[in-house]
file data31.txt (compact mmCIF, N, CA and C atoms)
# COMPACT_ATOMS: atom_id res chain seq x y z
N VAL A 24 95.40 122.68 117.26
CA VAL A 24 94.79 121.46 116.73
C VAL A 24 95.88 120.55 116.20
N GLN A 25 95.75 119.27 116.48
CA GLN A 25 96.67 118.28 115.92
C GLN A 25 95.87 117.36 114.99
N LEU A 26 96.54 116.90 113.95
CA LEU A 26 95.89 116.02 112.98
C LEU A 26 96.65 114.71 112.88
N GLN A 27 95.90 113.63 112.78
CA GLN A 27 96.47 112.30 112.63
C GLN A 27 95.81 111.62 111.44
N ALA A 28 96.59 111.41 110.39
CA ALA A 28 96.06 110.76 109.18
C ALA A 28 96.39 109.28 109.22
N SER A 29 95.48 108.50 108.67
CA SER A 29 95.69 107.04 108.61
C SER A 29 94.91 106.45 107.46
N GLY A 30 95.18 105.19 107.16
CA GLY A 30 94.39 104.48 106.18
C GLY A 30 95.08 104.19 104.86
N GLY A 31 96.29 104.69 104.68
CA GLY A 31 96.98 104.41 103.43
C GLY A 31 97.39 102.95 103.33
N GLY A 32 97.85 102.57 102.15
CA GLY A 32 98.29 101.21 101.95
C GLY A 32 98.49 100.91 100.50
N LEU A 33 98.64 99.63 100.21
CA LEU A 33 98.84 99.15 98.85
C LEU A 33 97.55 98.51 98.36
N VAL A 34 97.13 98.90 97.17
CA VAL A 34 95.90 98.38 96.60
C VAL A 34 96.08 98.24 95.10
N GLN A 35 95.36 97.30 94.53
CA GLN A 35 95.41 97.14 93.08
C GLN A 35 94.53 98.17 92.40
N ALA A 36 94.84 98.48 91.16
CA ALA A 36 94.02 99.40 90.39
C ALA A 36 92.58 98.91 90.37
N GLY A 37 91.65 99.85 90.54
CA GLY A 37 90.24 99.51 90.62
C GLY A 37 89.75 99.29 92.03
N GLY A 38 90.68 99.20 92.97
CA GLY A 38 90.32 98.96 94.36
C GLY A 38 89.96 100.23 95.10
N SER A 39 89.75 100.08 96.40
CA SER A 39 89.32 101.19 97.24
C SER A 39 90.16 101.28 98.51
N LEU A 40 90.26 102.48 99.01
CA LEU A 40 90.86 102.74 100.32
C LEU A 40 90.09 103.86 100.97
N ARG A 41 90.13 103.88 102.28
CA ARG A 41 89.49 104.96 103.03
C ARG A 41 90.52 105.59 103.94
N LEU A 42 90.79 106.86 103.72
CA LEU A 42 91.71 107.61 104.57
C LEU A 42 90.92 108.33 105.65
N SER A 43 91.53 108.45 106.80
CA SER A 43 90.88 109.14 107.91
C SER A 43 91.82 110.17 108.49
N CYS A 44 91.27 111.31 108.88
CA CYS A 44 92.05 112.38 109.50
C CYS A 44 91.36 112.73 110.81
N ALA A 45 92.01 112.42 111.92
CA ALA A 45 91.44 112.69 113.23
C ALA A 45 92.00 114.00 113.77
N ALA A 46 91.12 114.89 114.18
CA ALA A 46 91.52 116.17 114.74
C ALA A 46 91.37 116.15 116.25
N SER A 47 92.32 116.71 116.94
CA SER A 47 92.24 116.82 118.40
C SER A 47 92.68 118.22 118.81
N GLY A 48 92.25 118.64 119.97
CA GLY A 48 92.56 119.99 120.44
C GLY A 48 91.37 120.91 120.22
N ARG A 49 91.64 122.18 119.90
CA ARG A 49 90.59 123.18 119.76
C ARG A 49 89.94 123.08 118.38
N THR A 50 89.10 122.08 118.20
CA THR A 50 88.47 121.88 116.90
C THR A 50 87.40 122.91 116.62
N GLN A 51 87.02 123.71 117.61
CA GLN A 51 86.03 124.75 117.37
C GLN A 51 86.56 125.80 116.42
N GLY A 52 87.88 125.86 116.29
CA GLY A 52 88.48 126.89 115.44
C GLY A 52 88.78 126.43 114.02
N ILE A 53 88.14 125.38 113.57
CA ILE A 53 88.39 124.85 112.23
C ILE A 53 87.32 125.37 111.27
N TYR A 54 87.77 125.88 110.14
CA TYR A 54 86.87 126.36 109.08
C TYR A 54 86.66 125.29 108.02
N ALA A 55 87.72 124.62 107.65
CA ALA A 55 87.62 123.59 106.60
C ALA A 55 88.76 122.60 106.76
N VAL A 56 88.54 121.42 106.22
CA VAL A 56 89.56 120.37 106.19
C VAL A 56 89.81 120.00 104.74
N GLY A 57 91.06 119.84 104.41
CA GLY A 57 91.39 119.47 103.04
C GLY A 57 92.30 118.26 102.99
N TRP A 58 92.20 117.53 101.90
CA TRP A 58 93.12 116.44 101.60
C TRP A 58 93.99 116.87 100.42
N PHE A 59 95.26 116.64 100.53
CA PHE A 59 96.22 116.96 99.49
C PHE A 59 97.05 115.70 99.22
N ARG A 60 97.74 115.73 98.10
CA ARG A 60 98.64 114.61 97.82
C ARG A 60 99.87 115.10 97.08
N ARG A 61 100.94 114.37 97.27
CA ARG A 61 102.17 114.66 96.53
C ARG A 61 102.68 113.35 95.95
N ALA A 62 102.66 113.27 94.64
CA ALA A 62 103.17 112.09 93.95
C ALA A 62 104.68 112.25 93.73
N PRO A 63 105.39 111.18 93.58
CA PRO A 63 106.84 111.28 93.36
C PRO A 63 107.18 112.19 92.19
N GLY A 64 108.03 113.15 92.44
CA GLY A 64 108.48 114.04 91.38
C GLY A 64 107.48 115.10 90.97
N LYS A 65 106.38 115.22 91.70
CA LYS A 65 105.35 116.19 91.33
C LYS A 65 105.09 117.17 92.46
N GLU A 66 104.42 118.25 92.10
CA GLU A 66 104.03 119.24 93.09
C GLU A 66 102.87 118.70 93.92
N ARG A 67 102.74 119.25 95.12
CA ARG A 67 101.59 118.91 95.94
C ARG A 67 100.33 119.45 95.27
N GLU A 68 99.26 118.68 95.31
CA GLU A 68 98.01 119.15 94.72
C GLU A 68 96.85 118.92 95.69
N SER A 69 95.86 119.78 95.55
CA SER A 69 94.66 119.67 96.36
C SER A 69 93.78 118.57 95.77
N VAL A 70 93.25 117.72 96.62
CA VAL A 70 92.41 116.60 96.18
C VAL A 70 90.94 116.88 96.48
N ALA A 71 90.65 117.23 97.70
CA ALA A 71 89.27 117.48 98.12
C ALA A 71 89.28 118.29 99.39
N SER A 72 88.16 118.98 99.64
CA SER A 72 88.04 119.70 100.89
C SER A 72 86.58 119.76 101.31
N ILE A 73 86.37 120.00 102.59
CA ILE A 73 85.02 120.08 103.14
C ILE A 73 85.03 121.12 104.24
N SER A 74 84.00 121.97 104.26
CA SER A 74 83.90 122.93 105.35
C SER A 74 83.55 122.16 106.62
N TRP A 75 83.93 122.72 107.77
CA TRP A 75 83.70 122.02 109.03
C TRP A 75 82.21 121.80 109.27
N SER A 76 81.39 122.67 108.68
CA SER A 76 79.93 122.50 108.78
C SER A 76 79.45 121.36 107.87
N GLY A 77 80.27 121.01 106.90
CA GLY A 77 79.90 119.96 105.96
C GLY A 77 79.12 120.45 104.76
N ARG A 78 78.87 121.76 104.68
CA ARG A 78 78.01 122.27 103.60
C ARG A 78 78.76 122.43 102.29
N ASN A 79 80.02 122.81 102.36
CA ASN A 79 80.75 123.14 101.13
C ASN A 79 81.79 122.07 100.84
N LEU A 80 81.72 121.55 99.63
CA LEU A 80 82.64 120.49 99.20
C LEU A 80 83.41 120.94 97.97
N TYR A 81 84.62 120.42 97.84
CA TYR A 81 85.42 120.67 96.64
C TYR A 81 86.11 119.36 96.28
N TYR A 82 86.18 119.10 94.98
CA TYR A 82 86.94 117.95 94.48
C TYR A 82 87.78 118.39 93.29
N ALA A 83 88.98 117.91 93.21
CA ALA A 83 89.77 118.10 92.01
C ALA A 83 89.13 117.32 90.87
N ASP A 84 89.26 117.84 89.67
CA ASP A 84 88.66 117.16 88.52
C ASP A 84 89.14 115.72 88.38
N SER A 85 90.38 115.49 88.75
CA SER A 85 90.96 114.16 88.58
C SER A 85 90.34 113.10 89.49
N VAL A 86 89.62 113.53 90.53
CA VAL A 86 89.05 112.54 91.46
C VAL A 86 87.53 112.61 91.54
N LYS A 87 86.93 113.55 90.82
CA LYS A 87 85.46 113.68 90.87
C LYS A 87 84.81 112.37 90.43
N GLY A 88 83.80 111.97 91.18
CA GLY A 88 83.09 110.74 90.86
C GLY A 88 83.74 109.49 91.42
N ARG A 89 84.97 109.62 91.92
CA ARG A 89 85.67 108.46 92.48
C ARG A 89 85.94 108.62 93.97
N PHE A 90 86.21 109.82 94.40
CA PHE A 90 86.54 110.10 95.80
C PHE A 90 85.37 110.82 96.46
N THR A 91 85.17 110.54 97.73
CA THR A 91 84.14 111.22 98.51
C THR A 91 84.72 111.65 99.85
N ILE A 92 84.58 112.94 100.14
CA ILE A 92 85.06 113.47 101.41
C ILE A 92 83.87 113.62 102.34
N SER A 93 84.07 113.35 103.62
CA SER A 93 82.96 113.44 104.57
C SER A 93 83.48 113.76 105.97
N ARG A 94 82.56 114.19 106.81
CA ARG A 94 82.89 114.52 108.20
C ARG A 94 82.14 113.58 109.14
N ASP A 95 82.79 113.19 110.21
CA ASP A 95 82.14 112.47 111.31
C ASP A 95 82.09 113.43 112.48
N TYR A 96 80.90 114.01 112.71
CA TYR A 96 80.78 115.07 113.70
C TYR A 96 80.99 114.56 115.11
N ALA A 97 80.66 113.33 115.37
CA ALA A 97 80.79 112.80 116.72
C ALA A 97 82.24 112.58 117.10
N ARG A 98 83.09 112.28 116.12
CA ARG A 98 84.47 111.93 116.44
C ARG A 98 85.48 112.94 115.90
N ASP A 99 84.99 114.08 115.35
CA ASP A 99 85.92 115.09 114.84
C ASP A 99 86.93 114.49 113.86
N THR A 100 86.42 113.71 112.96
CA THR A 100 87.28 113.14 111.93
C THR A 100 86.76 113.53 110.54
N CYS A 101 87.67 113.48 109.60
CA CYS A 101 87.34 113.73 108.20
C CYS A 101 87.85 112.54 107.41
N SER A 102 87.02 111.96 106.58
CA SER A 102 87.41 110.78 105.82
C SER A 102 87.45 111.07 104.33
N LEU A 103 88.27 110.34 103.63
CA LEU A 103 88.33 110.41 102.18
C LEU A 103 88.18 108.99 101.67
N GLN A 104 87.00 108.70 101.13
CA GLN A 104 86.73 107.39 100.54
C GLN A 104 87.21 107.43 99.10
N MET A 105 88.12 106.55 98.76
CA MET A 105 88.71 106.56 97.42
C MET A 105 88.35 105.26 96.73
N ASN A 106 87.57 105.37 95.67
CA ASN A 106 87.14 104.20 94.90
C ASN A 106 87.74 104.25 93.51
N THR A 107 87.70 103.13 92.84
CA THR A 107 88.21 103.01 91.47
C THR A 107 89.59 103.65 91.38
N LEU A 108 90.45 103.25 92.25
CA LEU A 108 91.79 103.84 92.30
C LEU A 108 92.59 103.51 91.05
N LYS A 109 93.42 104.46 90.67
CA LYS A 109 94.26 104.32 89.48
C LYS A 109 95.73 104.44 89.90
N PRO A 110 96.63 103.89 89.11
CA PRO A 110 98.06 104.02 89.46
C PRO A 110 98.48 105.47 89.64
N GLU A 111 97.88 106.38 88.91
CA GLU A 111 98.24 107.80 89.04
C GLU A 111 97.74 108.42 90.34
N ASP A 112 96.96 107.70 91.12
CA ASP A 112 96.58 108.17 92.44
C ASP A 112 97.66 107.89 93.48
N THR A 113 98.68 107.16 93.09
CA THR A 113 99.78 106.86 94.00
C THR A 113 100.44 108.14 94.47
N ALA A 114 100.50 108.32 95.78
CA ALA A 114 101.05 109.55 96.35
C ALA A 114 101.05 109.43 97.87
N VAL A 115 101.71 110.38 98.49
CA VAL A 115 101.55 110.57 99.94
C VAL A 115 100.40 111.55 100.12
N TYR A 116 99.43 111.16 100.91
CA TYR A 116 98.24 111.97 101.14
C TYR A 116 98.34 112.64 102.50
N TYR A 117 97.99 113.91 102.52
CA TYR A 117 98.04 114.71 103.74
C TYR A 117 96.67 115.33 104.00
N CYS A 118 96.30 115.46 105.26
CA CYS A 118 95.14 116.27 105.59
C CYS A 118 95.63 117.55 106.25
N ALA A 119 94.84 118.58 106.12
CA ALA A 119 95.21 119.88 106.66
C ALA A 119 93.96 120.66 107.00
N ILE A 120 94.10 121.65 107.84
CA ILE A 120 92.95 122.45 108.21
C ILE A 120 93.17 123.93 107.93
N ARG A 121 92.08 124.59 107.65
CA ARG A 121 92.05 126.04 107.54
C ARG A 121 91.34 126.58 108.77
N PRO A 122 91.93 127.54 109.48
CA PRO A 122 91.28 128.07 110.67
C PRO A 122 90.15 129.05 110.36
N SER A 123 90.17 129.65 109.17
CA SER A 123 89.10 130.57 108.80
C SER A 123 89.12 130.73 107.28
N ALA A 124 88.10 131.42 106.76
CA ALA A 124 88.04 131.68 105.33
C ALA A 124 89.15 132.64 104.90
N MET A 125 89.69 133.38 105.85
CA MET A 125 90.73 134.36 105.54
C MET A 125 92.13 133.74 105.54
N HIS A 126 92.22 132.49 105.94
CA HIS A 126 93.53 131.85 106.05
C HIS A 126 93.64 130.69 105.10
N SER A 127 94.87 130.37 104.77
CA SER A 127 95.14 129.16 104.01
C SER A 127 95.25 128.00 105.01
N TYR A 128 95.68 126.86 104.50
CA TYR A 128 95.83 125.69 105.37
C TYR A 128 97.07 125.88 106.24
N THR A 129 96.88 125.84 107.54
CA THR A 129 97.96 126.18 108.46
C THR A 129 98.48 125.01 109.28
N THR A 130 97.67 124.00 109.45
CA THR A 130 98.06 122.86 110.26
C THR A 130 97.96 121.60 109.41
N TRP A 131 99.04 120.83 109.41
CA TRP A 131 99.11 119.65 108.55
C TRP A 131 99.35 118.40 109.38
N GLY A 132 98.72 117.33 108.93
CA GLY A 132 99.00 116.03 109.54
C GLY A 132 100.19 115.39 108.86
N GLN A 133 100.67 114.30 109.42
CA GLN A 133 101.73 113.56 108.76
C GLN A 133 101.11 112.84 107.57
N GLY A 134 101.85 112.57 106.58
CA GLY A 134 101.30 111.95 105.38
C GLY A 134 101.04 110.46 105.58
N THR A 135 100.18 109.95 104.71
CA THR A 135 99.94 108.51 104.67
C THR A 135 100.08 108.06 103.22
N LEU A 136 100.86 107.03 103.00
CA LEU A 136 101.21 106.62 101.64
C LEU A 136 100.14 105.73 101.03
N VAL A 137 99.72 106.10 99.84
CA VAL A 137 98.79 105.29 99.04
C VAL A 137 99.53 104.83 97.80
N THR A 138 99.59 103.53 97.60
CA THR A 138 100.24 102.96 96.43
C THR A 138 99.23 102.12 95.68
N VAL A 139 99.03 102.46 94.40
CA VAL A 139 98.08 101.73 93.56
C VAL A 139 98.88 101.00 92.49
N SER A 140 98.80 99.70 92.51
CA SER A 140 99.54 98.90 91.54
C SER A 140 98.67 98.62 90.32
N SER A 141 99.35 98.54 89.17
CA SER A 141 98.60 98.31 87.92
C SER A 141 98.46 96.82 87.63
call {"tool": "encode", "arguments": {"input": "data31.txt", "output": "structure tokens"}}
result
Amino acid sequence: VQLQASGGGLVQAGGSLRLSCAASGRTQGIYAVGWFRRAPGKERESVASISWSGRNLYYADSVKGRFTISRDYARDTCSLQMNTLKPEDTAVYYCAIRPSAMHSYTTWGQGTLVTVSS
């Protein structure tokens, strides 16, 4: 499976962005998709995840109520709608997939930069 992330950019605080992660290849082998971010000088952190079935969702406390993760079943994409953005959301965002519940995230897309100005 290959992943292509897009949608990053520069936005003012309080604004919105929508990130998209397009999967290609053997998507039948995907268990879950996750979004992660790495801010300058910080460790990578998990932001949100969704099972490929769409039933199970996870959000980091820092983004609950502001970010929404979703799946587009027709196009094998996973989106992250980010609202009420804050300067501390500035980071490179990555999408990744888990092939099964027994595995961690094994395939990563290239990052997309989100910059939130104050």
call {"tool": "select_by_dssp", "arguments": {"input": "data31.txt", "residues": "chain A", "states": "helix (DSSP H, G or I)", "output": "list in words"}}
result
Thr50, Gln51, Gly52, Pro110, Glu111 and Asp112 of chain A
call {"tool": "residues_around", "arguments": {"input": "data31.txt", "residues": "A:Ala83", "least_positions_apart": "4", "cutoff": "5 Å", "atoms": "all atoms listed in the file", "output": "list in words"}}
result
Val70, Ala71 and Lys87 of chain A
call {"tool": "residues_around", "arguments": {"input": "data31.txt", "residues": "A:Ser72", "least_positions_apart": "2", "cutoff": "6 Å", "atoms": "all atoms listed in the file", "output": "PDB file with N, CA and C atoms, in the coordinates of the input"}}
result
ATOM      1  N   VAL A  56      88.540 121.420 106.220  1.00  0.00           N
ATOM      2  CA  VAL A  56      89.560 120.370 106.190  1.00  0.00           C
ATOM      3  C   VAL A  56      89.810 120.000 104.740  1.00  0.00           C
ATOM      4  N   GLY A  57      91.060 119.840 104.410  1.00  0.00           N
ATOM      5  CA  GLY A  57      91.390 119.470 103.040  1.00  0.00           C
ATOM      6  C   GLY A  57      92.300 118.260 102.990  1.00  0.00           C
ATOM      7  N   TRP A  58      92.200 117.530 101.900  1.00  0.00           N
ATOM      8  CA  TRP A  58      93.120 116.440 101.600  1.00  0.00           C
ATOM      9  C   TRP A  58      93.990 116.870 100.420  1.00  0.00           C
ATOM     10  N   VAL A  70      93.250 117.720  96.620  1.00  0.00           N
ATOM     11  CA  VAL A  70      92.410 116.600  96.180  1.00  0.00           C
ATOM     12  C   VAL A  70      90.940 116.880  96.480  1.00  0.00           C
ATOM     13  N   SER A  74      84.000 121.970 104.260  1.00  0.00           N
ATOM     14  CA  SER A  74      83.900 122.930 105.350  1.00  0.00           C
ATOM     15  C   SER A  74      83.550 122.160 106.620  1.00  0.00           C
ATOM     16  N   ASN A  79      80.020 122.810 102.360  1.00  0.00           N
ATOM     17  CA  ASN A  79      80.750 123.140 101.130  1.00  0.00           C
ATOM     18  C   ASN A  79      81.790 122.070 100.840  1.00  0.00           C
ATOM     19  N   LEU A  80      81.720 121.550  99.630  1.00  0.00           N
ATOM     20  CA  LEU A  80      82.640 120.490  99.200  1.00  0.00           C
ATOM     21  C   LEU A  80      83.410 120.940  97.970  1.00  0.00           C
ATOM     22  N   TYR A  81      84.620 120.420  97.840  1.00  0.00           N
ATOM     23  CA  TYR A  81      85.420 120.670  96.640  1.00  0.00           C
ATOM     24  C   TYR A  81      86.110 119.360  96.280  1.00  0.00           C
ATOM     25  N   TYR A  82      86.180 119.100  94.980  1.00  0.00           N
ATOM     26  CA  TYR A  82      86.940 117.950  94.480  1.00  0.00           C
ATOM     27  C   TYR A  82      87.780 118.390  93.290  1.00  0.00           C
TER      28      TYR A  82
END
call {"tool": "residues_around", "arguments": {"input": "data31.txt", "residues": "A:Leu42", "least_positions_apart": "5", "cutoff": "8 Å", "atoms": "only N, CA and C atoms", "output": "list of chain:residue names"}}
result
A:Ala28, A:Ser29, A:Gly30, A:Gly31, A:Cys101, A:Ser102, A:Leu103, A:Gln104, A:Met105
call {"tool": "residues_around", "arguments": {"input": "data31.txt", "residues": "A:Ser141", "least_positions_apart": "6", "cutoff": "12 Å", "atoms": "only C-alpha atoms", "output": "PyMOL selection string"}}
result
chain A and resi 33-38+107-113
call {"tool": "residues_around", "arguments": {"input": "data31.txt", "residues": "stretch 89-100 of chain A", "least_positions_apart": "5", "cutoff": "5 Å", "atoms": "all atoms listed in the file", "output": "VMD selection string"}}
result
chain A and resid 44 to 46 105 to 106
